[in-house]
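Here is the file entry-v8.csv (CSV, C-alpha atoms).
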chain,number,residue,atom,x,y,z
V,11,MET,CA,-8.9,-25.0,18.9
V,12,PRO,CA,-5.2,-24.3,18.8
V,13,GLU,CA,-3.9,-22.6,15.6
V,14,VAL,CA,-1.9,-25.5,14.4
V,15,ALA,CA,-4.7,-28.0,14.9
V,16,ALA,CA,-7.2,-25.8,13.1
V,17,ALA,CA,-4.8,-25.4,10.2
V,18,GLU,CA,-4.2,-29.1,9.9
V,19,ALA,CA,-7.9,-29.9,10.0
V,20,GLU,CA,-8.7,-27.3,7.4
V,21,PHE,CA,-5.8,-28.3,5.1
V,22,ARG,CA,-7.0,-31.9,5.1
V,23,GLU,CA,-10.5,-30.8,4.2
V,24,ILE,CA,-9.3,-28.5,1.4
V,25,PHE,CA,-7.0,-31.0,-0.2
V,26,ASP,CA,-9.2,-34.0,0.7
V,27,SER,CA,-6.3,-36.0,2.0
V,28,ALA,CA,-4.4,-36.8,5.2
V,29,ALA,CA,-0.8,-35.8,4.7
V,30,PRO,CA,1.8,-38.3,5.9
V,31,GLY,CA,4.3,-36.8,8.2
V,32,GLY,CA,2.0,-34.0,9.4
V,33,THR,CA,1.5,-30.4,8.4
V,34,THR,CA,4.1,-27.7,8.6
V,35,LEU,CA,3.3,-24.0,9.1
V,36,VAL,CA,6.0,-21.4,8.3
V,37,PRO,CA,5.2,-17.8,9.2
V,38,LEU,CA,5.4,-15.3,6.3
V,39,THR,CA,6.5,-11.7,6.6
V,40,HIS,CA,3.6,-9.3,7.1
V,41,ASN,CA,2.7,-6.2,9.1
V,42,PRO,CA,2.4,-7.7,12.6
V,43,TRP,CA,0.9,-4.5,14.0
V,44,ASN,CA,-2.2,-4.6,11.9
V,45,GLY,CA,-5.1,-5.5,14.1
V,46,VAL,CA,-7.0,-7.4,11.3
V,47,THR,CA,-4.2,-9.9,10.7
V,48,ALA,CA,-3.8,-12.7,13.2
V,49,GLY,CA,-1.1,-14.3,11.1
V,50,VAL,CA,0.1,-15.4,7.7
V,51,TRP,CA,1.7,-18.8,7.1
V,52,ARG,CA,2.8,-21.1,4.3
V,53,VAL,CA,1.3,-24.5,5.0
V,54,THR,CA,2.8,-27.6,3.5
V,55,ALA,CA,2.0,-31.3,3.7
V,56,GLY,CA,2.2,-34.2,1.3
V,57,GLY,CA,3.9,-32.3,-1.4
V,58,ARG,CA,1.2,-29.6,-1.5
V,59,SER,CA,1.2,-26.1,-0.2
V,60,ALA,CA,-1.2,-23.2,0.4
V,61,VAL,CA,-1.0,-19.8,2.2
V,62,LEU,CA,-3.2,-19.3,5.3
V,63,LYS,CA,-4.1,-15.8,6.3
V,64,VAL,CA,-6.3,-15.5,9.4
V,65,LEU,CA,-8.4,-12.3,9.8
V,66,THR,CA,-9.5,-11.2,13.2
V,67,ARG,CA,-11.1,-8.3,15.1
V,68,THR,CA,-9.9,-9.3,18.6
V,69,LYS,CA,-6.1,-8.7,18.3
V,70,GLU,CA,-4.7,-6.2,20.7
V,71,THR,CA,-2.8,-3.5,18.9
V,72,GLY,CA,-2.3,0.3,18.8
V,73,VAL,CA,-5.0,2.7,17.8
V,74,THR,CA,-3.2,3.4,14.5
V,75,TRP,CA,-3.7,-0.2,13.3
V,76,ALA,CA,-6.9,-1.1,15.1
V,77,ALA,CA,-9.5,-3.3,13.3
V,78,SER,CA,-12.8,-1.7,12.4
V,79,ASN,CA,-16.3,-3.1,12.1
V,80,ASP,CA,-17.3,-0.3,9.7
V,81,PRO,CA,-17.5,-1.8,6.2
V,82,ARG,CA,-16.3,1.5,4.7
V,83,HIS,CA,-13.4,2.0,7.1
V,84,TRP,CA,-10.0,1.6,5.6
V,85,ASN,CA,-9.2,-1.2,8.1
V,86,PHE,CA,-12.5,-3.1,8.0
V,87,TRP,CA,-11.5,-6.6,9.2
V,88,ARG,CA,-13.6,-8.7,6.9
V,89,ARG,CA,-13.0,-6.8,3.7
V,90,GLU,CA,-10.4,-9.1,2.2
V,91,ALA,CA,-12.6,-12.1,2.6
V,92,TYR,CA,-15.4,-10.4,0.8
V,93,LEU,CA,-13.1,-9.4,-2.0
V,94,TYR,CA,-12.1,-13.0,-2.6
V,95,GLN,CA,-15.5,-14.5,-2.1
V,96,SER,CA,-17.2,-12.0,-4.5
V,97,GLY,CA,-14.6,-12.5,-7.2
V,98,LEU,CA,-13.8,-8.8,-7.2
V,99,ALA,CA,-10.2,-9.5,-6.5
V,100,GLN,CA,-9.9,-11.0,-10.0
V,101,VAL,CA,-11.5,-8.1,-11.8
V,102,TRP,CA,-8.2,-7.0,-13.4
V,103,GLN,CA,-7.2,-10.5,-14.5
V,104,ARG,CA,-7.7,-10.0,-18.2
V,105,HIS,CA,-5.3,-7.1,-18.1
V,106,GLY,CA,-2.5,-9.2,-16.6
V,107,ILE,CA,-3.1,-8.5,-12.8
V,108,ARG,CA,-4.8,-11.1,-10.6
V,109,ALA,CA,-5.1,-12.1,-7.0
V,110,PRO,CA,-4.2,-15.6,-5.6
V,111,ARG,CA,-6.9,-18.1,-6.1
V,112,LEU,CA,-9.2,-18.6,-3.1
V,113,LEU,CA,-9.2,-22.2,-2.0
V,114,ALA,CA,-11.5,-21.8,1.0
V,115,CYS,CA,-12.8,-19.3,3.5
V,116,VAL,CA,-13.5,-20.9,6.9
V,117,GLU,CA,-15.3,-19.1,9.7
V,118,ARG,CA,-13.7,-20.5,12.9
V,119,ARG,CA,-15.5,-21.1,16.2
V,120,ASP,CA,-13.7,-18.2,17.8
V,121,GLY,CA,-15.0,-15.8,15.2
V,122,ASP,CA,-11.9,-15.5,13.1
V,123,LEU,CA,-11.8,-16.0,9.4
V,124,ALA,CA,-9.3,-18.3,7.8
V,125,LEU,CA,-8.5,-17.5,4.2
V,126,TRP,CA,-6.8,-20.3,2.3
V,127,LEU,CA,-5.1,-19.0,-0.8
V,128,GLU,CA,-3.0,-20.3,-3.7
V,129,ASP,CA,0.7,-20.4,-2.9
V,130,VAL,CA,1.9,-18.3,-5.8
V,131,PRO,CA,5.2,-19.7,-7.2
V,132,GLY,CA,6.4,-16.6,-9.0
V,133,GLY,CA,9.2,-14.4,-7.7
V,134,PRO,CA,8.5,-11.4,-5.5
V,135,ALA,CA,8.5,-7.9,-7.0
V,136,THR,CA,11.0,-7.0,-4.3
V,137,ASP,CA,13.6,-8.6,-6.6
V,138,TRP,CA,12.4,-7.3,-9.9
V,139,PRO,CA,14.5,-5.3,-12.3
V,140,LEU,CA,13.3,-1.8,-13.0
V,141,ALA,CA,11.8,-2.8,-16.4
V,142,ARG,CA,9.5,-5.3,-14.7
V,143,HIS,CA,8.1,-2.5,-12.4
V,144,VAL,CA,7.4,-0.4,-15.5
V,145,GLU,CA,5.6,-3.4,-17.1
V,146,HIS,CA,3.4,-3.7,-14.0
V,147,ALA,CA,2.6,0.0,-14.2
V,148,HIS,CA,1.4,-0.5,-17.8
V,149,ARG,CA,-0.9,-3.4,-16.7
V,150,LEU,CA,-2.2,-1.3,-13.8
V,151,GLY,CA,-3.1,1.5,-16.1
V,152,ALA,CA,-4.9,-0.8,-18.5
V,153,ALA,CA,-6.8,-2.4,-15.7
V,154,GLN,CA,-7.9,0.8,-14.0
V,155,GLY,CA,-8.8,2.4,-17.3
V,156,ALA,CA,-11.0,-0.5,-18.2
V,157,VAL,CA,-12.7,-1.1,-14.8
V,158,GLY,CA,-12.8,2.5,-13.7
V,159,ALA,CA,-15.0,3.3,-10.7
V,160,GLY,CA,-17.8,0.9,-11.6
V,161,GLU,CA,-17.0,-1.8,-9.1
V,162,ASP,CA,-18.6,-0.5,-5.9
V,163,ARG,CA,-19.7,-2.8,-3.1
V,164,PRO,CA,-21.0,-1.8,0.4
V,165,TRP,CA,-17.8,-3.2,2.0
V,166,LEU,CA,-15.2,-1.4,-0.2
V,167,SER,CA,-13.2,1.3,1.5
V,168,GLN,CA,-14.1,5.0,1.1
V,169,GLY,CA,-12.1,8.0,2.1
V,170,PHE,CA,-9.0,5.8,2.5
V,171,LEU,CA,-6.4,8.5,2.0
V,172,ARG,CA,-8.0,10.9,4.4
V,173,ASP,CA,-8.7,8.4,7.2
V,174,TYR,CA,-5.4,6.5,6.8
V,175,THR,CA,-3.3,9.6,7.1
V,176,ALA,CA,-5.4,11.1,9.9
V,177,SER,CA,-4.7,8.0,12.0
V,178,LYS,CA,-0.9,8.6,11.9
V,179,THR,CA,0.0,11.5,14.2
V,180,THR,CA,3.3,10.4,15.9
V,181,GLY,CA,5.8,13.2,16.1
V,182,GLN,CA,3.8,15.9,14.3
V,183,ASP,CA,4.8,18.4,17.0
V,184,LEU,CA,8.4,17.8,15.9
V,185,LEU,CA,8.0,19.3,12.5
V,186,ASP,CA,8.7,22.7,14.0
V,187,ASP,CA,11.2,21.5,16.5
V,188,ASP,CA,14.8,22.8,15.9
V,189,GLU,CA,16.4,20.1,18.1
V,190,ALA,CA,14.6,17.3,16.2
V,191,TRP,CA,16.0,18.5,12.9
V,192,GLN,CA,19.5,18.7,14.3
V,193,HIS,CA,19.6,15.0,15.2
V,194,PRO,CA,22.7,13.5,13.5
V,195,LEU,CA,20.7,11.1,11.4
V,196,VAL,CA,18.4,13.8,10.2
V,197,ARG,CA,21.0,16.5,9.7
V,198,GLU,CA,23.4,14.2,7.8
V,199,HIS,CA,20.9,12.3,5.6
V,200,PHE,CA,17.9,14.6,4.9
V,201,PRO,CA,18.5,16.9,1.9
V,202,ALA,CA,18.7,20.7,2.4
V,203,GLY,CA,15.3,22.4,2.2
V,204,LEU,CA,13.4,19.2,3.2
V,205,ARG,CA,12.2,20.7,6.4
V,206,GLU,CA,10.5,23.7,4.7
V,207,ASP,CA,9.0,21.4,2.1
V,208,MET,CA,7.5,18.9,4.6
V,209,VAL,CA,6.2,21.6,6.8
V,210,ARG,CA,4.5,23.1,3.7
V,211,LEU,CA,3.1,19.7,2.7
V,212,HIS,CA,1.6,19.3,6.2
V,213,HIS,CA,0.2,22.8,6.1
V,214,ASP,CA,-1.5,22.0,2.7
V,215,ARG,CA,-2.7,18.6,3.8
V,216,GLU,CA,-6.4,19.4,3.6
V,217,TRP,CA,-6.0,21.0,0.2
V,218,PHE,CA,-4.2,17.9,-1.2
V,219,LEU,CA,-6.8,15.6,0.2
V,220,THR,CA,-9.7,17.6,-1.3
V,221,VAL,CA,-7.9,17.6,-4.7
V,222,MET,CA,-7.4,13.8,-4.5
V,223,GLU,CA,-11.1,13.3,-3.6
V,224,SER,CA,-12.2,15.4,-6.6
V,225,LEU,CA,-10.2,13.6,-9.3
V,226,PRO,CA,-11.5,10.8,-11.6
V,227,ARG,CA,-12.2,7.7,-9.6
V,228,ALA,CA,-11.0,4.1,-10.0
V,229,PHE,CA,-11.2,0.8,-8.2
V,230,CYS,CA,-7.9,0.8,-6.3
V,231,HIS,CA,-5.9,-1.7,-4.3
V,232,LEU,CA,-4.6,1.1,-2.1
V,233,ASP,CA,-1.6,-1.0,-0.8
V,234,GLN,CA,0.4,-1.6,-4.0
V,235,TRP,CA,4.1,-2.0,-3.3
V,236,PRO,CA,6.7,-4.6,-4.3
V,237,ALA,CA,6.1,-6.8,-1.1
V,238,ASN,CA,2.5,-7.3,-2.2
V,239,VAL,CA,3.2,-8.2,-5.8
V,240,ARG,CA,4.6,-11.4,-7.4
V,241,SER,CA,5.4,-12.6,-10.9
V,242,ASP,CA,2.8,-14.7,-12.7
V,243,GLY,CA,4.5,-15.5,-16.0
V,244,PRO,CA,4.5,-12.2,-17.9
V,245,GLY,CA,1.7,-10.9,-15.5
V,246,SER,CA,1.4,-10.0,-11.9
V,247,VAL,CA,-0.2,-11.4,-8.8
V,248,VAL,CA,-1.2,-8.8,-6.2
V,249,LEU,CA,-1.6,-9.9,-2.6
V,250,ASP,CA,-3.3,-8.3,0.4
V,251,TRP,CA,-6.5,-6.7,-0.7
V,252,ALA,CA,-7.5,-5.5,2.8
V,253,PHE,CA,-7.7,-1.8,1.9
V,254,ALA,CA,-9.2,-2.0,-1.5
V,255,GLY,CA,-11.9,0.5,-2.6
V,256,ASP,CA,-12.4,3.9,-4.0
V,257,GLY,CA,-9.4,5.9,-5.0
V,258,ALA,CA,-8.1,8.4,-7.6
V,259,LEU,CA,-6.7,7.5,-10.9
V,260,GLY,CA,-2.9,7.5,-10.4
V,261,GLU,CA,-3.2,6.9,-6.6
V,262,ASP,CA,-2.1,3.3,-6.7
V,263,LEU,CA,0.9,4.2,-9.0
V,264,GLY,CA,2.0,7.0,-6.7
V,265,ASN,CA,1.9,4.6,-3.7
V,266,TYR,CA,3.8,1.8,-5.6
V,267,LEU,CA,6.7,4.1,-6.6
V,268,ALA,CA,7.2,5.8,-3.2
V,269,ASP,CA,7.0,2.6,-1.2
V,270,SER,CA,9.4,0.8,-3.5
V,271,VAL,CA,12.1,3.1,-2.2
V,272,PHE,CA,10.9,3.7,1.4
V,273,ASP,CA,11.3,0.0,2.1
V,274,LEU,CA,14.6,-0.3,0.3
V,275,PHE,CA,13.5,-2.4,-2.7
V,276,VAL,CA,14.6,0.2,-5.3
V,277,PRO,CA,17.5,2.7,-4.7
V,278,ALA,CA,16.4,6.3,-4.4
V,279,ALA,CA,18.9,7.2,-7.1
V,280,ASP,CA,16.7,5.2,-9.6
V,281,LEU,CA,13.4,6.7,-8.5
V,282,PRO,CA,13.3,9.7,-11.0
V,283,GLY,CA,13.9,7.5,-14.0
V,284,LEU,CA,11.6,4.8,-12.8
V,285,ALA,CA,8.8,7.2,-12.0
V,286,LYS,CA,9.0,8.8,-15.4
V,287,ALA,CA,9.0,5.4,-17.2
V,288,ALA,CA,6.3,4.0,-15.0
V,289,TYR,CA,4.0,7.0,-15.4
V,290,ASP,CA,4.4,6.9,-19.2
V,291,ALA,CA,3.6,3.2,-19.1
V,292,TYR,CA,0.6,3.7,-16.8
V,293,LEU,CA,-0.8,6.4,-19.1
V,294,HIS,CA,-0.2,4.2,-22.2
V,295,GLY,CA,-2.1,1.4,-20.4
V,296,LEU,CA,-5.0,3.8,-19.7
V,297,ARG,CA,-5.2,4.9,-23.3
V,298,ALA,CA,-4.9,1.3,-24.6
V,299,SER,CA,-7.9,0.4,-22.4
V,300,GLY,CA,-10.1,3.1,-24.0
V,301,TRP,CA,-9.8,5.7,-21.3
V,302,ARG,CA,-10.2,9.2,-23.0
V,303,GLY,CA,-9.9,11.6,-20.1
V,304,ASP,CA,-7.6,14.6,-19.6
V,305,GLU,CA,-4.1,13.3,-19.0
V,306,ARG,CA,-3.4,16.2,-16.7
V,307,LEU,CA,-5.9,14.8,-14.2
V,308,VAL,CA,-3.9,11.6,-14.1
V,309,ARG,CA,-0.7,13.5,-13.6
V,310,LEU,CA,-2.3,15.5,-10.8
V,311,GLY,CA,-3.4,12.2,-9.1
V,312,VAL,CA,0.1,10.8,-9.1
V,313,CYS,CA,1.7,14.0,-7.9
V,314,ALA,CA,-0.9,14.9,-5.2
V,315,SER,CA,-0.7,11.4,-3.9
V,316,ALA,CA,2.4,12.6,-2.1
V,317,VAL,CA,0.1,13.7,0.7
V,318,LYS,CA,-0.1,10.0,1.8
V,319,TYR,CA,3.3,10.4,3.3
V,320,ASP,CA,2.7,13.7,5.1
V,321,TRP,CA,3.0,11.7,8.4
V,322,LEU,CA,6.3,10.0,7.6
V,323,THR,CA,8.7,12.9,8.1
V,324,ALA,CA,7.3,13.4,11.6
V,325,LEU,CA,7.6,9.7,12.4
V,326,MET,CA,11.2,9.7,11.2
V,327,LEU,CA,12.0,12.7,13.5
V,328,ALA,CA,10.3,10.9,16.4
V,329,ARG,CA,12.1,7.5,15.8
V,330,ALA,CA,15.6,8.8,15.1
V,331,ASP,CA,17.0,7.3,18.3
V,332,ASP,CA,15.2,3.9,17.9
V,333,GLU,CA,16.5,0.7,16.4
V,334,GLN,CA,15.3,0.6,12.7
V,335,PRO,CA,13.3,-2.6,12.1
V,336,ALA,CA,12.9,-4.1,8.7
V,337,TYR,CA,9.4,-4.6,7.3
V,338,GLY,CA,7.5,-7.1,9.3
V,339,GLY,CA,9.9,-6.8,12.2
V,340,GLN,CA,12.2,-9.3,10.5
V,341,GLY,CA,15.6,-8.0,11.6
V,342,THR,CA,16.9,-4.4,11.3
V,343,VAL,CA,18.2,-2.1,8.6
V,344,PRO,CA,21.1,0.3,8.9
V,345,ALA,CA,19.8,3.6,10.2
V,346,GLY,CA,21.9,5.8,7.9
V,347,LEU,CA,20.8,3.9,4.9
V,348,ARG,CA,17.1,4.2,5.8
V,349,TYR,CA,17.3,7.9,6.6
V,350,ARG,CA,19.3,8.7,3.4
V,351,GLU,CA,16.9,6.7,1.1
V,352,ARG,CA,13.8,8.0,2.8
V,353,GLY,CA,15.1,11.6,2.9
V,354,LEU,CA,15.8,11.5,-0.9
V,355,THR,CA,12.4,10.0,-1.5
V,356,LEU,CA,10.6,12.6,0.6
V,357,ALA,CA,12.4,15.3,-1.4
V,358,PHE,CA,11.2,13.7,-4.6
V,359,LEU,CA,7.7,13.7,-3.2
V,360,ALA,CA,8.1,17.4,-2.4
V,361,ASP,CA,8.8,18.0,-6.1
V,362,TRP,CA,5.6,16.1,-6.9
V,363,ALA,CA,3.7,18.2,-4.4
V,364,ALA,CA,5.1,21.4,-6.0
V,365,GLU,CA,4.0,20.2,-9.4
V,366,ALA,CA,0.5,19.5,-8.1
V,367,ARG,CA,0.3,23.0,-6.7
V,368,LEU,CA,1.1,24.4,-10.1
V,369,LEU,CA,-1.1,22.0,-12.1
V,370,ALA,CA,-4.3,22.0,-10.0
V,371,PRO,CA,-5.3,25.7,-10.6
V,372,ARG,CA,-5.0,25.1,-14.4
V,373,LEU,CA,-7.6,22.4,-14.0
V,374,GLY,CA,-10.1,24.5,-12.1
V,375,PHE,CA,-9.0,23.8,-8.5
V,376,PRO,CA,-8.3,26.7,-6.0
V,377,GLU,CA,-4.7,27.4,-5.3
V,378,ALA,CA,-3.0,25.7,-2.4
V,379,PRO,CA,-3.2,27.8,0.8
V,380,SER,CA,0.6,28.1,1.0
V,381,GLY,CA,0.6,29.6,-2.5
V,382,ARG,CA,2.1,28.4,-5.7

What's the structure tokens form of this structure?
Amino acid sequence: MPEVAAAEAEFREIFDSAAPGGTTLVPLTHNPWNGVTAGVWRVTAGGRSAVLKVLTRTKETGVTWAASNDPRHWNFWRREAYLYQSGLAQVWQRHGIRAPRLLACVERRDGDLALWLEDVPGGPATDWPLARHVEHAHRLGAAQGAVGAGEDRPWLSQGFLRDYTASKTTGQDLLDDDEAWQHPLVREHFPAGLREDMVRLHHDREWFLTVMESLPRAFCHLDQWPANVRSDGPGSVVLDWAFAGDGALGEDLGNYLADSVFDLFVPAADLPGLAKAAYDAYLHGLRASGWRGDERLVRLGVCASAVKYDWLTALMLARADDEQPAYGGQGTVPAGLRYRERGLTLAFLADWAAEARLLAPRLGFPEAPSGR
């Protein structure tokens, strides 16, 4: 059945009415390269609306974003449907973070899954002031402190950080390539010393991953960033639960802060102040929820999460001559702006990595192979 016809039939069944004037599908921005996502649309008819997300395992895409049938794989294609159907996506709701309401999950004749979700009316976090990001960090801390790692299901991801980063290898041979580092975009916009810091991070990658896997665990979203968060009154609605599973305390926060700048939603100049305020708020939320662990372990989780972006420097070197697409392929962004903002953020993450190397041995971990 054609996509539009299927959507119209499902919409009529969900809302129990035939909409005069037909049904309209408007594509929504998402990652078009991910093999588990056939598409995302806002569907409207008769004054009503919903969001339709179609999950698939048959989409042709690159190896990096290929769909998996392994329930523990970070890109297991049915995971998001299971999250919604089980109610687990709402486990943080009493702490001010929820998922959109599930209206229906339809298994189509072609094997795809159609998720029909609430069309959340609140504003996107891409437009939030800094203070609102800090409030979200507090709610996240409270939620993860209260829920902890007790929410395991056989289809939640495990080993996300290791497997996700291992799948991204573009340009790794360029980290030691003098010519790549002399490209005008790189030379003009990457801070001095970044090459040495990123080569060191790549050298220490296994150490960082082992540290992250040894820290206190939490149920994590694992793709928290402003494009996946919307306002819900004073609270937050978090979208796209496709990667959710086991992670370290602090891992979601580290991801949220870095991606806020990498995708140009927050200026890099604001990152140090935002990161400090958000970390303090996250920790306060943890404590308010009753969590009584060693704060230094949380700090280590945030700082060591820098390893998630080990691959990004190499990718930037490899794509310096390419047109710079905006997220979701919707237009382009100025190359100089992207390289400047990402260069400053990578340098900030290098400072996090340096802090992690100092902190870890004080907590019983071996020293990083590159030394302190």

Residue among V:Leu369, V:Ala76, V:Met326, V:Val130 lying closest to Ser59 of chain V, counting only C-alpha atoms: V:Val130

Selected residue, from V:Pro110, V:Gly160, V:Pro236, V:Pro344, that lies nearest to Tyr266 of chain V when counting all atoms listed in the file: V:Pro236

Closest of V:Thr342, V:Gln100, V:Gln154, V:Ser177 to Leu249 of chain V - atom-to-atom distances counting only C-alpha atoms: V:Gln100

Near-Arg88 of chain V list (9 Å; only C-alpha atoms; drop same-chain fewer than 3 positions) as a list of chain:residue names: V:Val46, V:Leu65, V:Thr66, V:Arg67, V:Ser78, V:Asn79, V:Pro81, V:Asn85, V:Ala91, V:Tyr92, V:Leu93, V:Leu123, V:Trp165, V:Ala252

Just to be explicit: take each residue in the selection above, keep C-alpha atoms, and write the result as a PDB file, in the frame of the given file.
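Output saved as out_4.pdb:
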ATOM      1  CA  VAL V  46      -7.000  -7.400  11.300  1.00  0.00           C
ATOM      2  CA  LEU V  65      -8.400 -12.300   9.800  1.00  0.00           C
ATOM      3  CA  THR V  66      -9.500 -11.200  13.200  1.00  0.00           C
ATOM      4  CA  ARG V  67     -11.100  -8.300  15.100  1.00  0.00           C
ATOM      5  CA  SER V  78     -12.800  -1.700  12.400  1.00  0.00           C
ATOM      6  CA  ASN V  79     -16.300  -3.100  12.100  1.00  0.00           C
ATOM      7  CA  PRO V  81     -17.500  -1.800   6.200  1.00  0.00           C
ATOM      8  CA  ASN V  85      -9.200  -1.200   8.100  1.00  0.00           C
ATOM      9  CA  ALA V  91     -12.600 -12.100   2.600  1.00  0.00           C
ATOM     10  CA  TYR V  92     -15.400 -10.400   0.800  1.00  0.00           C
ATOM     11  CA  LEU V  93     -13.100  -9.400  -2.000  1.00  0.00           C
ATOM     12  CA  LEU V 123     -11.800 -16.000   9.400  1.00  0.00           C
ATOM     13  CA  TRP V 165     -17.800  -3.200   2.000  1.00  0.00           C
ATOM     14  CA  ALA V 252      -7.500  -5.500   2.800  1.00  0.00           C
TER      15      ALA V 252
END

Å distance separating atom CA of Pro277 of chain V from atom CA of Gly133 of chain V, one decimal place: 19.2 Å

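With all atoms listed in the file as the atoms that count, the minimum distance from Leu325 of chain V to the choices V:Asp80, V:Asp26, V:Asp183, V:Glu20 is reached by V:Asp183.
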
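The space between atom CA of Arg210 of chain V and atom CA of Ser380 of chain V spans 6.9 Å.
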
V:Phe358, V:Tyr292, V:Trp138, V:Trp321 ranked by distance to Ala237 of chain V, top pick (using only C-alpha atoms): V:Trp138

Residues near Glu128 of chain V, cut-off 7 Å, only C-alpha atoms, skip fewer than 5 positions along chain, as a PyMOL selection string: chain V and resi 60-61+110-113

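Nearest to Asp129 of chain V of all the residues V:Val50, V:Val64, V:Ile107, V:Leu232 is V:Val50, counting only C-alpha atoms.
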
Contact residues around Ala156 of chain V with all atoms listed in the file at 9 Å, ignoring same-chain residues under 5 positions, as a ChimeraX atom specification: /V:102,105,151,296,299-301

Could you write out that same residue set with C-alpha atoms as a PDB file, in the frame of the given file?
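And here's result_33.pdb as it stands now:
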ATOM      1  CA  TRP V 102      -8.200  -7.000 -13.400  1.00  0.00           C
ATOM      2  CA  HIS V 105      -5.300  -7.100 -18.100  1.00  0.00           C
ATOM      3  CA  GLY V 151      -3.100   1.500 -16.100  1.00  0.00           C
ATOM      4  CA  LEU V 296      -5.000   3.800 -19.700  1.00  0.00           C
ATOM      5  CA  SER V 299      -7.900   0.400 -22.400  1.00  0.00           C
ATOM      6  CA  GLY V 300     -10.100   3.100 -24.000  1.00  0.00           C
ATOM      7  CA  TRP V 301      -9.800   5.700 -21.300  1.00  0.00           C
TER       8      TRP V 301
END

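The interatomic distance for the pair atom CA of Gly56 of chain V and atom CA of Leu125 of chain V works out to 20.0 Å.
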
Please return, as a short mmCIF file (atom, residue, chain, number, x, y, z; two decimals) with C-alpha atoms, keeping the file's coordinate frame, all polymer residues that have at least one atom within 7 Å of the point (-10.3, -26.9, -0.5); use only C-alpha atoms and the file's own coordinate frame.
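The resulting file, out04.cif, is shown below:
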data_model
loop_
_atom_site.label_atom_id
_atom_site.label_comp_id
_atom_site.auth_asym_id
_atom_site.auth_seq_id
_atom_site.Cartn_x
_atom_site.Cartn_y
_atom_site.Cartn_z
CA GLU V 23 -10.50 -30.80 4.20
CA ILE V 24 -9.30 -28.50 1.40
CA PHE V 25 -7.00 -31.00 -0.20
CA LEU V 113 -9.20 -22.20 -2.00
CA ALA V 114 -11.50 -21.80 1.00
#

Point (-2.5, -6.5, 17.2) neighbourhood (6 Å, only C-alpha atoms) written as an NGL selection string: :V and (43-45 or 69-71)

Surrounding residues of Arg82 of chain V excluding itself and chain neighbours under 6 positions, 10 Å, all atoms listed in the file, as an MDAnalysis selection string: chainID V and resid 89 163:170 253 255:256

Residues of segment 148-253 of chain V that have any atom at most 12 Å from an atom of segment 327-334 of chain V: could you tabulate them with the shortest-distance atom pair and the distance in Å to one decimal, using all atoms listed in the file, ordered by chain and increasing number, as CSV?
residue,atom,partner,partner_atom,distance
V:Thr179,CA,V:Ala328,CA,10.5
V:Thr180,CA,V:Ala328,CA,7.0
V:Gly181,CA,V:Ala328,CA,5.1
V:Gln182,CA,V:Ala328,CA,8.5
V:Asp183,CA,V:Ala328,CA,9.3
V:Leu184,CA,V:Leu327,CA,6.7
V:Leu185,CA,V:Leu327,CA,7.8
V:Asp186,CA,V:Leu327,CA,10.5
V:Asp187,CA,V:Leu327,CA,9.3
V:Asp188,CA,V:Leu327,CA,10.8
V:Glu189,CA,V:Leu327,CA,9.8
V:Ala190,CA,V:Leu327,CA,5.9
V:Trp191,CA,V:Leu327,CA,7.1
V:Gln192,CA,V:Leu327,CA,9.6
V:His193,CA,V:Ala330,CA,7.4
V:Pro194,CA,V:Ala330,CA,8.7
V:Leu195,CA,V:Ala330,CA,6.7
V:Val196,CA,V:Leu327,CA,7.3
V:Arg197,CA,V:Leu327,CA,10.5
V:Glu198,CA,V:Ala330,CA,12.0
V:His199,CA,V:Ala330,CA,11.4
V:Phe200,CA,V:Leu327,CA,10.6
V:Arg205,CA,V:Leu327,CA,10.7
V:Met208,CA,V:Leu327,CA,11.7
